[in-house]
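Trainee: To start, I am sharing the structure in question, which I have written as structure tokens.
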Amino acid sequence: MNQAVFWWGGRQGMSGTAKLYQITHDYLTKTKRLHNLIWVWDVQDFPTLNNDLITYNPGEKYWDVMALDFYTKEMYTKEKYDAVCKVAGSKPMVIGECGKIPSPEILRFQTKWSFFMAWSDLIFKQNDLQLIKDVYNDSAVLTLDKMPGWK
């Protein structure tokens with residue numbers, strides 16, 4: 001929502017991108033009566049993250065999952081993790097997008113991440129093969145082959 005490269009993003013305040021999110025939510029849930037949707041509110045890890053978590057938040061009644069995209073140099077910092085934990089509260093929080101995947105060590109200390117999603121065209125460009133193997137084979141990471149009935 002705080003990524004201004006998209007026409008709908010990066011517009012601050014409650015009459016900006018957050019309002020568009022609310023309008024979309026209300027249209028789909030109230031007008032179209034779709035109640036089987038999971039609402040993910042997503043921001044990017046810009047240096048303005050602490051402010052963006054306030055400025056772009058459409059209101060906690062509008063989202064079910066808090067997501068943070070990681071692309072800056074200082075990726076999986078304790079400060080970013082703590083900021084997202086505070087906003088997410090008891091709701092699930094996820095790494096919505098990343099190029100560089102979180103290491104097993106990061107996942108051991110940042111235990112509230114429900115999942116991470118690496119862009120397929122970036123995973124081999126931004127991670128060495130050993131890290132990829134270590135992450136996906138780590139006991140803290142659940143992959144599809146370990147989820148009976150999901151194939």
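Each chain of the structure tokens is named A, B, ... in the order shown, its residues numbered from 1; ligands are numbered from 1 in display order.
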Mind checking which residues fall within 10 Å of Asp138 in chain A, counting only C-alpha atoms, ignoring those fewer than 3 positions away in the same chain, and posting them as an MDAnalysis selection string?

Mentor: chainID A and resid 103:105 107 132:135 141:143

Trainee: Go ahead and write the residues just picked, C-alpha atoms, as a PDB file, in the first residue's frame.

Mentor:
ATOM      1  CA  SER A 103      17.538 -17.706   7.070  1.00  0.00           C
ATOM      2  CA  PRO A 104      16.740 -20.464   9.583  1.00  0.00           C
ATOM      3  CA  GLU A 105      18.440 -18.311  12.239  1.00  0.00           C
ATOM      4  CA  LEU A 107      13.084 -17.652  11.667  1.00  0.00           C
ATOM      5  CA  ILE A 132      17.652 -22.242  -0.141  1.00  0.00           C
ATOM      6  CA  LYS A 133      18.213 -25.881   0.836  1.00  0.00           C
ATOM      7  CA  ASP A 134      18.836 -24.962   4.479  1.00  0.00           C
ATOM      8  CA  VAL A 135      15.660 -22.898   4.714  1.00  0.00           C
ATOM      9  CA  VAL A 141       9.589 -24.524   7.804  1.00  0.00           C
ATOM     10  CA  LEU A 142       6.540 -26.449   6.662  1.00  0.00           C
ATOM     11  CA  THR A 143       6.479 -27.286   2.954  1.00  0.00           C
TER      12      THR A 143
END

Trainee: Wanna dump the range 76-109 of chain A-range 50-72 of chain A contacts at 9 Å for me, each residue with its shortest atom pair and the distance in Å to one decimal, counting only C-alpha atoms, ordered by chain and number, as a Markdown table?

Mentor:
| residue | atom | partner | partner_atom | distance |
| --- | --- | --- | --- | --- |
| A:Tyr76 | CA | A:Phe70 | CA | 7.5 |
| A:Lys80 | CA | A:Asn50 | CA | 8.1 |
| A:Ala83 | CA | A:Asn50 | CA | 6.7 |
| A:Val84 | CA | A:Met66 | CA | 7.6 |
| A:Cys85 | CA | A:Met66 | CA | 9.0 |
| A:Val87 | CA | A:Leu53 | CA | 7.4 |
| A:Ala88 | CA | A:Met66 | CA | 5.8 |
| A:Lys91 | CA | A:Val65 | CA | 6.0 |
| A:Pro92 | CA | A:Val65 | CA | 5.1 |
| A:Met93 | CA | A:Met66 | CA | 4.6 |
| A:Val94 | CA | A:Ala67 | CA | 4.7 |
| A:Ile95 | CA | A:Leu68 | CA | 5.1 |
| A:Gly96 | CA | A:Ala67 | CA | 5.0 |
| A:Glu97 | CA | A:Asp69 | CA | 4.5 |
| A:Cys98 | CA | A:Phe70 | CA | 5.0 |
| A:Gly99 | CA | A:Tyr71 | CA | 6.8 |
| A:Lys100 | CA | A:Tyr71 | CA | 7.8 |
| A:Ile101 | CA | A:Phe70 | CA | 8.9 |

Trainee: With C-alpha atoms retained, could you export that selection as a short mmCIF file (atom, residue, chain, number, x, y, z; two decimals), in the first residue's frame?

Mentor:
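In the end it all went to result-v1.cif:
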data_model
loop_
_atom_site.label_atom_id
_atom_site.label_comp_id
_atom_site.auth_asym_id
_atom_site.auth_seq_id
_atom_site.Cartn_x
_atom_site.Cartn_y
_atom_site.Cartn_z
CA TYR A 76 14.89 -8.80 8.68
CA LYS A 80 10.87 -4.13 11.69
CA ALA A 83 6.87 -2.92 14.63
CA VAL A 84 4.84 -5.47 12.66
CA CYS A 85 4.20 -7.57 15.79
CA VAL A 87 0.41 -3.68 14.68
CA ALA A 88 -0.61 -7.30 13.97
CA LYS A 91 -3.62 -11.60 13.98
CA PRO A 92 -1.34 -13.61 11.67
CA MET A 93 1.64 -11.82 10.17
CA VAL A 94 3.50 -12.87 7.05
CA ILE A 95 6.41 -11.98 4.81
CA GLY A 96 4.30 -11.02 1.81
CA GLU A 97 7.12 -10.72 -0.70
CA CYS A 98 10.85 -11.10 -0.65
CA GLY A 99 13.78 -11.75 -2.90
CA LYS A 100 16.23 -12.71 -0.17
CA ILE A 101 14.57 -15.39 1.95
#

Trainee: Let's see if you can do this: from backbone DSSP, list all strand (DSSP E or B) residues in range 51-95 of chain A, as a PyMOL selection string.

Mentor: chain A and resi 65-70+93-95

Trainee: Please dump the current selection as a PDB file, in the first residue's frame; keep N, CA and C atoms.

Mentor:
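What landed in part.pdb:
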ATOM      1  N   VAL A  65      -4.922 -10.419   8.026  1.00  0.00           N
ATOM      2  CA  VAL A  65      -3.502 -10.786   8.046  1.00  0.00           C
ATOM      3  C   VAL A  65      -2.674  -9.542   7.750  1.00  0.00           C
ATOM      4  N   MET A  66      -1.593  -9.355   8.500  1.00  0.00           N
ATOM      5  CA  MET A  66      -0.652  -8.250   8.279  1.00  0.00           C
ATOM      6  C   MET A  66       0.542  -8.793   7.505  1.00  0.00           C
ATOM      7  N   ALA A  67       0.897  -8.149   6.390  1.00  0.00           N
ATOM      8  CA  ALA A  67       2.026  -8.602   5.575  1.00  0.00           C
ATOM      9  C   ALA A  67       3.049  -7.488   5.413  1.00  0.00           C
ATOM     10  N   LEU A  68       4.311  -7.882   5.411  1.00  0.00           N
ATOM     11  CA  LEU A  68       5.400  -6.952   5.161  1.00  0.00           C
ATOM     12  C   LEU A  68       6.258  -7.508   4.033  1.00  0.00           C
ATOM     13  N   ASP A  69       6.523  -6.671   3.033  1.00  0.00           N
ATOM     14  CA  ASP A  69       7.404  -7.037   1.922  1.00  0.00           C
ATOM     15  C   ASP A  69       8.807  -6.575   2.255  1.00  0.00           C
ATOM     16  N   PHE A  70       9.782  -7.440   2.027  1.00  0.00           N
ATOM     17  CA  PHE A  70      11.180  -7.133   2.340  1.00  0.00           C
ATOM     18  C   PHE A  70      12.001  -6.979   1.070  1.00  0.00           C
ATOM     19  N   MET A  93       0.758 -12.713  10.911  1.00  0.00           N
ATOM     20  CA  MET A  93       1.641 -11.816  10.168  1.00  0.00           C
ATOM     21  C   MET A  93       2.526 -12.643   9.266  1.00  0.00           C
ATOM     22  N   VAL A  94       2.786 -12.105   8.058  1.00  0.00           N
ATOM     23  CA  VAL A  94       3.502 -12.869   7.049  1.00  0.00           C
ATOM     24  C   VAL A  94       4.528 -11.996   6.340  1.00  0.00           C
ATOM     25  N   ILE A  95       5.480 -12.652   5.713  1.00  0.00           N
ATOM     26  CA  ILE A  95       6.405 -11.983   4.810  1.00  0.00           C
ATOM     27  C   ILE A  95       5.744 -12.088   3.436  1.00  0.00           C
TER      28      ILE A  95
END

Trainee: Of the candidates A:Ile23, A:Ile106, A:Leu122, A:Leu37, which shows the shortest atom-to-atom distance to Tyr81 in chain A, using only C-alpha atoms?

Mentor: A:Ile106

Trainee: Suppose you want the space between CA of Trp39 in chain A and CA of Ala4 in chain A; what is it in Å?

Mentor: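 That distance, rounded to one decimal, is 20.6 Å.
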
Trainee: Quick one, how far is CA of Val43 in chain A from CA of Phe124 in chain A?

Mentor: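 Separation between CA of Val43 in chain A and CA of Phe124 in chain A: 23.7 Å.
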
Trainee: Separation of CA of Gln3 in chain A and CA of Asn36 in chain A, in Å?

Mentor: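 It comes out at 27.0 Å.
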